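Below you'll find the structure, written out as structure tokens, and then a few comments.
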Amino acid sequence: MVSFSEILEVIVVSMRDAFLAVTVFVAAMVFLFSWLQYATSGRFVEYIRKKEKLQPVIGALMGLTPGCGGAIVMMPMYARGYVTYGTVLATLIATLGDSAFVLIGAAITDSTFIAPLIAVHIISFVVGVSWGYLVDMTGTTPRKPLGRFGPTIGQEPVEEEPVDEPILDDLAREEPVGIGYNILHKGYLVWWSVTVIGLVFAVLLLVWSGQDPDYGLELSFDPTTMDGFITWVGLLGTSLSVILYIAQKNWIGDDTEATIGDKLHSMRETMIHSASETAFVTFWVMVAYLVFEFGMLFSGITEQDMSKYGDGFIAVMVAAMIGLIPGCGPQIIAITAYTKDMISFPALAANAISQDGDALFPLLVRHKAASLWATIHTTIPAIIAGIILLLADVNP
């Protein structure tokens with residue numbers, strides 16, 4: 001019989017760990033990459049247009065950047081005819097979206113994840129570039145408009161807008177209305193203040209655990225003790241993140257053209273939407289933690305037992321199928337399952353290749369056929385790569 005104290009412990013520990021083990025590190029990385037995108041916005045567009053033979057490589061590199069910003073920027077470029085369809089696919093295959101931050105955060109706190117982190121990015125990049133060039137070489141591109149729902153051989157002309165119009169101006173902006181908008185744009189400083197404090201304690205925890213491998217926080221609600229105070233910081237940080245997540249009203253995907261457009265034009269908006277993106281990751285990591293922990297609590301099985309079901313052909317197929325779902329929320333759960341040793345590396349790679357992050361949404365708006373066929377184009381190599389890695393028993 002599961003007691004109330006056990007249920008409460010799972011909730012508190014999941015909320016605390018989601019913030020101190022993931023959120024604070026994700027926040028630092030999201031802000032860094034968002035600032036880089038802001039600082040370099042618009043400088044690479046003309047270069048990409050002129051380097052058509054290198055576009056799949058450049059697209060894959062854009063996809064490799066953590067988060068969905070780099071991939072989203074490529075979508076209006078395709079709609080304008082600036083880049084090839086193979087470039088779009090290379091970008092979508094290479095991207096891990098916001099789930100990349102979860103894997104990077106795991107590598108920061110546990111060095112055993114460094115090799116898988118590097119390996120999955122290299123595999124995604126190679127598969128993305130290879131598939132992108134293959135599509136361009138065969139001249140395969142979706143018909144526009146949707147027509148008979150299928151690809152046609154031979155590049156069909158895409159209507160172009162005036163070439164002197166900056167591509168970044170094609171990105172939408174958020175409308176400054178609504179309660180959610182005001183909560184996000186007025187509460188982000190509070191969230192950042194708590195996150196900075198949490199980051200300090202998270203780094204200290206890494207140092208302390210390095211000095212004493214058996215060191216761990218005891219569940220405590222007494223703020224007069226160090227362990228208790230840190231636990232309260234974690235609970236407060238996750239609670240604020242959930243509030244921002246609800247306020248932004250993007251349930252399975254955080255990045256949109258509007259948020260990317262805002263971030264690329266304002267440093268303040270960069271901070272605001274970095275908080276929003278991190279809050280989104282926090283919510284889904286917390287959900288993953290709760291699902292895993294309650295699953296083990298009520299079923300009586302261990303992580304080792306659960307990992308038995310995550311290693312095999314079925315796991316690869318399921319991970320690839322999860323990648324079909326637009327948005328980053330379900331993908332974050334899949335990546336978190338890997339950090340919990342519940343799915344194998346081949347399944348991780350299959351999901352990483354198959355998922356399109358939030359970039360599929362703007363493509364869906366502009367070109368339905370391209371977006372629908374893109375999900376197929378990313379899933380096929382995902383399954384192939386996952387099976388090859390499974391048969392080769394690859395486990396970095």
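Ordering of the structure tokens sets the chain letters (A, B, ...), residue numbers begin anew at 1 in every chain, and ligands are numbered from 1 in the order given.
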Selection near Gly86 (chain A), 7 Å with only C-alpha atoms, sequence-local residues under 3 positions removed, as a VMD selection string: chain A and resid 56 89 to 90 132 to 133 135 to 136
Report as a PyMOL selection string all protein, DNA and RNA residues lying within 10 Å of Ala359 (chain A), evaluated on only C-alpha atoms, omitting residues in the same chain fewer than 6 positions from it. chain A and resi 63+67-75+88+91-92+95+97+253+255-257+326-328+371
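For the pair CA of Ala106 (chain A) and CA of Met29 (chain A), the separation is 12.7 Å.
Around Leu61 (chain A), within 8 Å and counting only C-alpha atoms, the residues found are Val57, Thr65, Thr91, Ala94 and Phe125 of chain A, once anything fewer than 4 positions away on its own chain is removed.
Shortest separation to Ile11 (chain A) among A:Asp311, A:Ser239, A:Ala279, A:Met317 occurs at residue A:Ser239, atoms counted being only C-alpha atoms.
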What does the distance from CA of Ser5 (chain A) to CA of Trp284 (chain A) come to in Å, to one decimal? 23.6 Å
Could you work out how far CA of Ala100 (chain A) lies from CA of Ile332 (chain A), giving the answer in Å with one decimal? 8.3 Å
For Met137 (chain A), which residue out of A:Tyr188, A:Met271, A:Gly329, A:Lys53 is the nearest one, using only C-alpha atoms?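 The closest residue to Met137 (chain A) is A:Lys53.
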